[in-house]
>>> print(open('query-v7.txt').read())   # compact mmCIF, C-alpha atoms
# COMPACT_ATOMS: atom_id res chain seq x y z
CA MET A 1 42.31 56.47 151.48
CA ALA A 2 43.74 55.24 154.78
CA LEU A 3 47.34 56.29 155.44
CA LEU A 4 49.34 54.46 158.10
CA PHE A 5 52.24 56.33 159.73
CA ILE A 6 55.03 53.99 160.85
CA CYS A 7 57.99 55.73 162.44
CA GLU A 8 58.97 54.51 165.88
CA GLY A 9 60.12 57.32 168.15
CA GLU A 10 58.66 60.10 165.97
CA ASP A 11 55.79 62.19 167.31
CA PRO A 12 53.05 61.95 164.66
CA THR A 13 51.21 65.06 165.86
CA ASP A 14 52.94 67.55 163.57
CA TRP A 15 52.67 65.15 160.64
CA GLU A 16 48.94 64.75 161.15
CA SER A 17 48.45 68.52 161.27
CA ALA A 18 50.59 69.16 158.20
CA LEU A 19 49.04 66.38 156.10
CA ARG A 20 45.47 67.27 157.05
CA ALA A 21 46.19 70.86 156.02
CA GLU A 22 46.78 69.41 152.55
CA ILE A 23 44.05 66.71 152.61
CA PRO A 24 41.43 67.67 155.23
CA ASP A 25 39.52 64.38 155.11
CA LEU A 26 42.65 62.20 155.27
CA ASP A 27 42.16 59.00 157.27
CA MET A 28 45.54 58.94 159.00
CA ARG A 29 46.40 56.13 161.38
CA VAL A 30 49.46 55.55 163.51
CA TRP A 31 51.30 52.30 164.18
CA PRO A 32 51.14 50.49 166.57
CA ASP A 33 48.25 51.98 168.57
CA ARG A 34 45.89 53.28 165.88
CA VAL A 35 46.03 50.83 163.00
CA GLY A 36 42.48 49.55 162.86
CA ASN A 37 41.64 46.93 160.27
CA PRO A 38 44.85 46.08 158.32
CA ASP A 39 42.74 45.41 155.23
CA GLU A 40 41.81 49.11 155.11
CA ILE A 41 45.38 50.42 154.88
CA ASP A 42 46.03 51.84 151.42
CA ILE A 43 49.32 53.72 151.91
CA VAL A 44 52.18 53.44 154.37
CA LEU A 45 54.36 56.45 155.23
CA THR A 46 57.39 55.12 157.06
CA TRP A 47 60.95 55.23 158.27
CA GLN A 48 62.59 51.94 159.27
CA PRO A 49 59.46 49.79 159.47
CA PRO A 50 59.82 46.52 161.41
CA ARG A 51 60.65 43.66 159.10
CA GLY A 52 57.62 41.75 157.94
CA LEU A 53 55.15 44.45 158.98
CA LEU A 54 54.43 45.79 155.49
CA ALA A 55 53.37 42.34 154.32
CA THR A 56 50.49 42.37 156.82
CA PHE A 57 48.57 44.99 154.82
CA PRO A 58 47.05 43.11 151.87
CA ASN A 59 45.60 46.09 149.99
CA LEU A 60 48.60 48.45 149.89
CA LYS A 61 48.76 50.81 146.93
CA ALA A 62 52.00 52.61 147.82
CA ILE A 63 54.88 52.71 150.30
CA LEU A 64 56.30 56.19 150.94
CA SER A 65 59.63 56.80 152.64
CA LEU A 66 59.91 59.60 155.20
CA GLY A 67 63.40 60.33 153.91
CA ALA A 68 65.51 60.36 150.76
CA GLY A 69 66.80 56.85 151.52
CA ILE A 70 64.78 53.73 150.79
CA GLU A 71 67.15 50.92 151.80
CA HIS A 72 65.35 50.74 155.16
CA ILE A 73 62.30 49.59 153.20
CA LEU A 74 63.99 47.41 150.59
CA ARG A 75 65.99 45.39 153.14
CA ASP A 76 62.76 43.76 154.35
CA PRO A 77 62.87 40.17 152.99
CA GLU A 78 59.06 40.06 153.18
CA LEU A 79 58.50 43.29 151.26
CA PRO A 80 55.26 42.76 149.30
CA PRO A 81 56.06 42.56 145.58
CA GLY A 82 54.64 44.90 142.99
CA ILE A 83 53.87 47.77 145.37
CA PRO A 84 55.22 51.18 144.24
CA VAL A 85 57.90 52.55 146.56
CA ALA A 86 58.88 56.22 146.58
CA ARG A 87 61.72 58.11 148.19
CA LEU A 88 60.91 61.55 149.57
CA ILE A 89 61.84 64.41 147.26
CA ASP A 90 61.42 67.25 149.72
CA PRO A 91 62.54 70.83 149.00
CA GLY A 92 63.34 71.36 152.66
CA LEU A 93 65.49 68.25 152.87
CA GLN A 94 67.21 69.26 149.64
CA SER A 95 68.01 72.77 150.86
CA GLY A 96 69.27 71.35 154.16
CA MET A 97 71.64 68.99 152.35
CA VAL A 98 72.88 71.75 150.07
CA GLU A 99 73.58 73.94 153.09
CA PHE A 100 75.44 71.17 154.92
CA VAL A 101 77.57 70.03 151.99
CA THR A 102 78.44 73.61 151.06
CA MET A 103 79.34 74.37 154.68
CA GLU A 104 81.66 71.38 154.93
CA VAL A 105 83.28 71.92 151.53
CA LEU A 106 84.03 75.52 152.49
CA ARG A 107 85.22 74.43 155.94
CA HIS A 108 87.85 72.14 154.45
CA HIS A 109 88.65 74.45 151.53
CA ARG A 110 89.43 77.31 153.94
CA ARG A 111 91.39 74.92 156.25
CA GLU A 112 89.12 75.66 159.19
CA PRO A 113 89.90 72.40 161.06
CA GLU A 114 93.59 73.28 160.99
CA TYR A 115 92.91 76.78 162.29
CA ARG A 116 90.85 75.36 165.15
CA ALA A 117 93.71 73.02 166.05
CA GLN A 118 96.06 76.00 166.01
CA GLN A 119 93.68 77.93 168.26
CA ARG A 120 93.71 75.12 170.82
CA ALA A 121 97.52 75.15 170.71
CA GLY A 122 97.80 78.95 170.90
CA ASP A 123 99.53 78.94 167.51
CA TRP A 124 99.17 82.22 165.54
CA ARG A 125 100.09 81.25 162.00
CA LEU A 126 98.66 81.87 158.52
CA LEU A 127 98.03 78.82 156.35
CA ARG A 128 98.36 79.01 152.60
CA GLN A 129 94.98 79.40 150.93
CA SER A 130 93.97 78.01 147.51
CA LEU A 131 91.59 79.60 145.03
CA SER A 132 88.25 77.85 144.65
CA CYS A 133 88.98 77.35 140.95
CA ASP A 134 91.95 75.19 141.97
CA ARG A 135 89.99 72.98 144.41
CA ARG A 136 88.32 70.18 142.48
CA ILE A 137 85.09 68.74 143.89
CA GLY A 138 83.84 65.23 143.10
CA ILE A 139 80.30 64.11 143.91
CA LEU A 140 79.34 60.45 144.04
CA GLY A 141 75.65 60.36 143.16
CA LEU A 142 73.94 62.94 140.96
CA GLY A 143 70.32 62.48 141.98
CA HIS A 144 68.24 65.43 143.11
CA LEU A 145 70.44 65.96 146.18
CA GLY A 146 73.80 65.51 144.47
CA ALA A 147 72.82 67.66 141.49
CA ALA A 148 71.60 70.47 143.77
CA CYS A 149 74.80 70.38 145.83
CA GLY A 150 76.92 70.41 142.69
CA GLU A 151 75.02 73.34 141.23
CA MET A 152 75.55 75.38 144.40
CA LEU A 153 79.26 74.58 144.54
CA THR A 154 79.77 75.75 140.96
CA ARG A 155 78.52 79.16 142.09
CA PHE A 156 81.56 79.43 144.36
CA GLY A 157 83.83 78.76 141.41
CA PHE A 158 84.74 75.17 142.27
CA PRO A 159 85.29 72.79 139.34
CA VAL A 160 82.65 70.09 139.99
CA SER A 161 82.43 66.57 138.60
CA GLY A 162 79.96 63.84 139.39
CA TRP A 163 79.61 60.08 139.03
CA ALA A 164 76.31 58.29 138.53
CA ARG A 165 74.83 55.17 136.99
CA THR A 166 73.86 57.06 133.85
CA GLU A 167 75.44 60.12 132.26
CA LYS A 168 73.92 63.40 133.43
CA ASP A 169 73.60 66.65 131.51
CA LEU A 170 74.03 69.24 134.26
CA PRO A 171 75.33 72.74 133.52
CA GLY A 172 78.89 73.21 134.74
CA ILE A 173 79.22 69.65 136.10
CA ALA A 174 81.32 67.02 134.30
CA SER A 175 79.60 63.64 134.30
CA TYR A 176 81.24 60.22 134.70
CA THR A 177 79.80 56.70 134.62
CA GLY A 178 81.05 53.14 134.97
CA GLU A 179 84.11 51.79 136.78
CA ASP A 180 86.59 53.65 134.58
CA GLY A 181 84.59 56.82 135.09
CA LEU A 182 84.64 56.29 138.86
CA PHE A 183 88.43 56.26 138.97
CA SER A 184 88.65 59.19 136.56
CA LEU A 185 86.46 61.14 138.97
CA LEU A 186 88.43 60.07 142.03
CA GLU A 187 91.74 61.09 140.48
CA ARG A 188 90.47 64.66 140.08
CA SER A 189 88.65 65.06 143.41
CA ASP A 190 90.44 67.12 146.03
CA ILE A 191 87.22 67.01 148.06
CA LEU A 192 84.97 63.99 147.53
CA VAL A 193 81.30 64.16 148.55
CA CYS A 194 79.35 60.90 148.84
CA LEU A 195 75.62 61.17 148.18
CA LEU A 196 75.06 57.71 146.71
CA PRO A 197 72.06 55.50 147.38
CA LEU A 198 73.00 52.41 149.37
CA THR A 199 72.73 49.29 147.23
CA PRO A 200 74.71 46.03 147.05
CA ASP A 201 76.82 47.69 144.33
CA THR A 202 77.66 50.77 146.40
CA GLU A 203 78.17 49.18 149.84
CA ASP A 204 81.87 49.46 150.84
CA ILE A 205 82.58 51.54 147.73
CA LEU A 206 84.90 53.80 149.74
CA ASP A 207 87.65 51.33 150.59
CA ALA A 208 91.44 51.28 150.46
CA THR A 209 91.42 51.09 146.65
CA THR A 210 89.07 53.97 145.96
CA LEU A 211 90.40 56.16 148.77
CA GLY A 212 93.89 55.46 147.45
CA ALA A 213 92.86 56.73 144.02
CA LEU A 214 92.15 60.22 145.39
CA PRO A 215 94.88 62.87 145.21
CA ARG A 216 97.11 62.72 148.26
CA GLY A 217 95.76 65.02 150.96
CA ALA A 218 92.17 64.83 149.71
CA VAL A 219 89.11 65.18 151.96
CA LEU A 220 86.04 62.94 152.22
CA ILE A 221 82.55 64.19 153.10
CA ASN A 222 80.02 61.39 153.59
CA THR A 223 76.38 62.35 154.02
CA ALA A 224 74.90 59.27 152.34
CA ARG A 225 75.11 56.06 154.39
CA GLY A 226 77.70 54.70 156.78
CA LYS A 227 77.99 51.40 154.91
CA HIS A 228 79.51 53.19 151.94
CA VAL A 229 82.74 53.52 153.94
CA VAL A 230 85.07 50.77 155.14
CA ASP A 231 85.89 52.26 158.54
CA ASP A 232 89.35 50.74 159.00
CA ASP A 233 90.40 51.75 155.49
CA LEU A 234 89.35 55.33 156.13
CA ILE A 235 91.33 55.51 159.36
CA GLU A 236 94.37 54.05 157.60
CA ALA A 237 94.04 56.61 154.79
CA LEU A 238 93.91 59.44 157.34
CA ASP A 239 96.79 58.11 159.45
CA SER A 240 98.99 57.68 156.38
CA GLY A 241 98.30 61.17 155.07
CA GLN A 242 96.53 59.87 151.96
CA LEU A 243 93.53 61.84 153.24
CA SER A 244 93.92 65.05 155.21
CA GLY A 245 90.43 65.06 156.70
CA ALA A 246 86.91 63.69 156.69
CA THR A 247 83.45 64.90 157.63
CA LEU A 248 81.14 62.03 158.53
CA ASP A 249 77.41 62.45 159.15
CA VAL A 250 76.43 58.78 158.78
CA PHE A 251 77.79 55.57 160.26
CA ARG A 252 77.46 51.80 160.07
CA GLU A 253 75.98 51.79 163.55
CA GLU A 254 73.92 54.73 164.78
CA PRO A 255 74.25 56.18 167.34
CA LEU A 256 78.01 55.91 166.82
CA PRO A 257 79.32 53.71 169.67
CA ALA A 258 81.13 55.62 172.41
CA ASP A 259 84.31 53.62 171.91
CA HIS A 260 84.48 54.04 168.13
CA PRO A 261 87.80 55.57 166.98
CA PHE A 262 86.02 58.12 164.77
CA TRP A 263 85.08 60.10 167.90
CA SER A 264 88.65 60.86 168.88
CA HIS A 265 90.42 60.95 165.54
CA PRO A 266 91.97 64.42 165.13
CA ASN A 267 91.15 64.60 161.41
CA ILE A 268 87.53 63.47 161.52
CA ILE A 269 84.53 65.75 162.07
CA VAL A 270 81.55 63.78 163.42
CA TYR A 271 77.90 64.80 163.09
CA PRO A 272 74.96 62.76 164.50
CA HIS A 273 73.17 62.24 161.16
CA ALA A 274 72.24 65.91 161.19
CA ALA A 275 72.92 67.05 157.62
CA ALA A 276 69.30 67.36 156.52
CA TRP A 277 66.05 66.74 158.38
CA THR A 278 62.64 65.85 157.01
CA LEU A 279 60.29 68.54 158.33
CA PRO A 280 56.50 68.17 158.10
CA GLU A 281 55.94 71.74 156.92
CA SER A 282 58.06 71.26 153.78
CA ALA A 283 57.45 67.55 153.14
CA ALA A 284 53.67 67.43 153.58
CA PRO A 285 52.77 68.90 150.16
CA VAL A 286 54.98 66.34 148.40
CA ILE A 287 53.57 63.45 150.44
CA ALA A 288 50.00 64.66 149.89
CA ASP A 289 50.63 64.77 146.14
CA ASN A 290 51.80 61.16 146.25
CA ILE A 291 48.76 60.13 148.27
CA VAL A 292 46.55 61.52 145.50
CA ARG A 293 48.71 59.89 142.83
CA ALA A 294 48.47 56.53 144.57
CA ALA A 295 44.70 56.85 144.82
CA GLU A 296 44.50 57.55 141.10
CA GLY A 297 46.96 54.81 140.13
CA ARG A 298 49.52 57.27 138.75
CA GLU A 299 53.31 57.11 139.02
CA LEU A 300 54.60 58.51 142.29
CA VAL A 301 56.99 61.41 142.63
CA GLY A 302 60.33 59.84 143.55
CA GLN A 303 59.19 56.34 142.61
CA ILE A 304 62.17 54.00 142.56
CA GLU A 305 63.00 50.82 140.67
CA VAL A 306 62.81 48.21 143.42
CA ARG A 307 64.97 45.77 141.43
CA ARG A 308 67.81 48.28 141.21
CA GLY A 309 67.38 49.58 144.72
CA TYR A 310 67.03 53.26 143.79
>>> encode(input="query-v7.txt", output="structure tokens")
Amino acid sequence: MALLFICEGEDPTDWESALRAEIPDLDMRVWPDRVGNPDEIDIVLTWQPPRGLLATFPNLKAILSLGAGIEHILRDPELPPGIPVARLIDPGLQSGMVEFVTMEVLRHHRREPEYRAQQRAGDWRLLRQSLSCDRRIGILGLGHLGAACGEMLTRFGFPVSGWARTEKDLPGIASYTGEDGLFSLLERSDILVCLLPLTPDTEDILDATTLGALPRGAVLINTARGKHVVDDDLIEALDSGQLSGATLDVFREEPLPADHPFWSHPNIIVYPHAAAWTLPESAAPVIADNIVRAAEGRELVGQIEVRRGY
């Protein structure tokens, strides 16, 4: 099996070492310098491949994403049909996301941004604290990342609800579906966490209408994709007091332009897409398993429905 690594700007050295530790005789090639005969490429491991490139490999058996997202693959208008596509279900990425979401939920729950503002102003003043059981958490997206984050937050005593395409049976997490379910979730979310896949149905889902359905003074944490949020509507919600704060790790344009108002807004915490990284040492066993599955014609771990986009 010949695996082609396509990830511009990423050093493939660590990936080669980690994958060959799992499959010693792996024929790993690297785009664009070490591709060889395109007809020999069986599997592509990629993040943001150039449009049209995947269609140049006529004998592909699988396309593997280097991250949890797959819209960077599906947006290619020349994506070869009928090829299995899999998102990365990586325990390291999952634990990183759980850590980040928990950190930011606790940050807002304990009013840490307000205390930091008071520190800068030299203002010694206690702020009223709520019990975790009185701070309702809503999670948009209950896949492996959303479910893991929700499970961790229940351990802190937060009431957790989630919204997904299909109803989920997760201990301690109320499940909502459909448009009515979305607004039922929003109405009971003091802190809303977005972990949705990006599809035509979820793009711009966080707009003036949905942000306005949250309880006044709610907080948004977006670690999914920047295109889930209508930027101007979020700023308006913050300026009006409808939202009291937001943590944003993802943006419509990355890097976030230097003149973007998110940088300087006093109620927005900006991260440079840092919530959870894909690390070779944790991801390689999962990728190696999918390489074997592809060779044997079996279903991939994390295989998505291309038609639905997730």
>>> residues_around(input="query-v7.txt", residues="range 187-199 of chain A", least_positions_apart="6", cutoff="7 Å", atoms="all atoms listed in the file", output="list of chain:residue names")
A:Gly69, A:Glu71, A:Arg135, A:Arg136, A:Ile137, A:Gly138, A:Ile139, A:Leu140, A:Gly141, A:Gly146, A:Ala213, A:Leu214, A:Pro215, A:Ala218, A:Val219, A:Leu220, A:Ile221, A:Asn222, A:Thr223, A:Ala224, A:Arg225, A:Gly309, A:Tyr310
>>> closest_atom_pairs(input="query-v7.txt", of="range 48-113 of chain A", to="range 247-265 of chain A", cutoff="10 Å", atoms="all atoms listed in the file", output="JSON lines")
{"residue": "A:Phe100", "atom": "CA", "partner": "A:Asp249", "partner_atom": "CA", "distance": 9.9}
{"residue": "A:Val101", "atom": "CA", "partner": "A:Thr247", "partner_atom": "CA", "distance": 9.6}
{"residue": "A:Glu104", "atom": "CA", "partner": "A:Thr247", "partner_atom": "CA", "distance": 7.2}
{"residue": "A:Val105", "atom": "CA", "partner": "A:Thr247", "partner_atom": "CA", "distance": 9.3}
{"residue": "A:Arg107", "atom": "CA", "partner": "A:Thr247", "partner_atom": "CA", "distance": 9.8}
{"residue": "A:His108", "atom": "CA", "partner": "A:Thr247", "partner_atom": "CA", "distance": 9.0}
>>> atom_distance(input="query-v7.txt", atom1="CA of Leu60 in chain A", atom2="CA of Glu10 in chain A")
22.3 Å
>>> closest_residue(input="query-v7.txt", among="A:Ala147, A:Ile287, A:Ala295, A:Leu79", to="Met1 in chain A", atoms="only C-alpha atoms")
A:Ala295
>>> atom_distance(input="query-v7.txt", atom1="CA of Phe57 in chain A", atom2="CA of Thr278 in chain A")
25.3 Å
>>> decode(input="query-v7.txt", residues="range 76-91 of chain A", atoms="N, CA and C atoms", output="PDB file, in the first residue's frame")
ATOM      1  N   ASP A  76     -13.830  20.195  -2.284  1.00  0.00           N
ATOM      2  CA  ASP A  76     -13.184  20.033  -3.587  1.00  0.00           C
ATOM      3  C   ASP A  76     -14.234  19.632  -4.624  1.00  0.00           C
ATOM      4  N   PRO A  77     -14.517  20.482  -5.616  1.00  0.00           N
ATOM      5  CA  PRO A  77     -15.549  20.131  -6.607  1.00  0.00           C
ATOM      6  C   PRO A  77     -15.164  18.945  -7.472  1.00  0.00           C
ATOM      7  N   GLU A  78     -13.866  18.588  -7.476  1.00  0.00           N
ATOM      8  CA  GLU A  78     -13.416  17.449  -8.273  1.00  0.00           C
ATOM      9  C   GLU A  78     -13.124  16.225  -7.408  1.00  0.00           C
ATOM     10  N   LEU A  79     -13.668  16.203  -6.201  1.00  0.00           N
ATOM     11  CA  LEU A  79     -13.453  15.051  -5.322  1.00  0.00           C
ATOM     12  C   LEU A  79     -13.905  13.772  -6.025  1.00  0.00           C
ATOM     13  N   PRO A  80     -13.025  12.777  -6.138  1.00  0.00           N
ATOM     14  CA  PRO A  80     -13.423  11.551  -6.851  1.00  0.00           C
ATOM     15  C   PRO A  80     -14.562  10.843  -6.128  1.00  0.00           C
ATOM     16  N   PRO A  81     -15.616  10.481  -6.844  1.00  0.00           N
ATOM     17  CA  PRO A  81     -16.775   9.858  -6.206  1.00  0.00           C
ATOM     18  C   PRO A  81     -16.496   8.422  -5.780  1.00  0.00           C
ATOM     19  N   GLY A  82     -17.212   8.014  -4.745  1.00  0.00           N
ATOM     20  CA  GLY A  82     -17.175   6.629  -4.318  1.00  0.00           C
ATOM     21  C   GLY A  82     -15.982   6.225  -3.485  1.00  0.00           C
ATOM     22  N   ILE A  83     -15.102   7.171  -3.166  1.00  0.00           N
ATOM     23  CA  ILE A  83     -13.924   6.853  -2.355  1.00  0.00           C
ATOM     24  C   ILE A  83     -14.264   7.090  -0.875  1.00  0.00           C
ATOM     25  N   PRO A  84     -14.043   6.115   0.004  1.00  0.00           N
ATOM     26  CA  PRO A  84     -14.314   6.332   1.427  1.00  0.00           C
ATOM     27  C   PRO A  84     -13.478   7.481   1.991  1.00  0.00           C
ATOM     28  N   VAL A  85     -14.127   8.321   2.783  1.00  0.00           N
ATOM     29  CA  VAL A  85     -13.472   9.450   3.438  1.00  0.00           C
ATOM     30  C   VAL A  85     -13.665   9.293   4.934  1.00  0.00           C
ATOM     31  N   ALA A  86     -12.589   9.483   5.704  1.00  0.00           N
ATOM     32  CA  ALA A  86     -12.681   9.309   7.152  1.00  0.00           C
ATOM     33  C   ALA A  86     -12.098  10.517   7.874  1.00  0.00           C
ATOM     34  N   ARG A  87     -12.836  10.974   8.874  1.00  0.00           N
ATOM     35  CA  ARG A  87     -12.293  11.967   9.797  1.00  0.00           C
ATOM     36  C   ARG A  87     -11.368  11.256  10.775  1.00  0.00           C
ATOM     37  N   LEU A  88     -10.516  12.005  11.435  1.00  0.00           N
ATOM     38  CA  LEU A  88      -9.585  11.408  12.392  1.00  0.00           C
ATOM     39  C   LEU A  88     -10.233  11.350  13.772  1.00  0.00           C
ATOM     40  N   ILE A  89     -10.378  10.154  14.295  1.00  0.00           N
ATOM     41  CA  ILE A  89     -10.847   9.967  15.666  1.00  0.00           C
ATOM     42  C   ILE A  89      -9.626   9.599  16.493  1.00  0.00           C
ATOM     43  N   ASP A  90      -9.034  10.622  17.086  1.00  0.00           N
ATOM     44  CA  ASP A  90      -7.729  10.510  17.733  1.00  0.00           C
ATOM     45  C   ASP A  90      -7.885  10.757  19.228  1.00  0.00           C
ATOM     46  N   PRO A  91      -7.467   9.821  20.074  1.00  0.00           N
ATOM     47  CA  PRO A  91      -7.617  10.028  21.519  1.00  0.00           C
ATOM     48  C   PRO A  91      -6.883  11.257  22.031  1.00  0.00           C
TER      49      PRO A  91
END
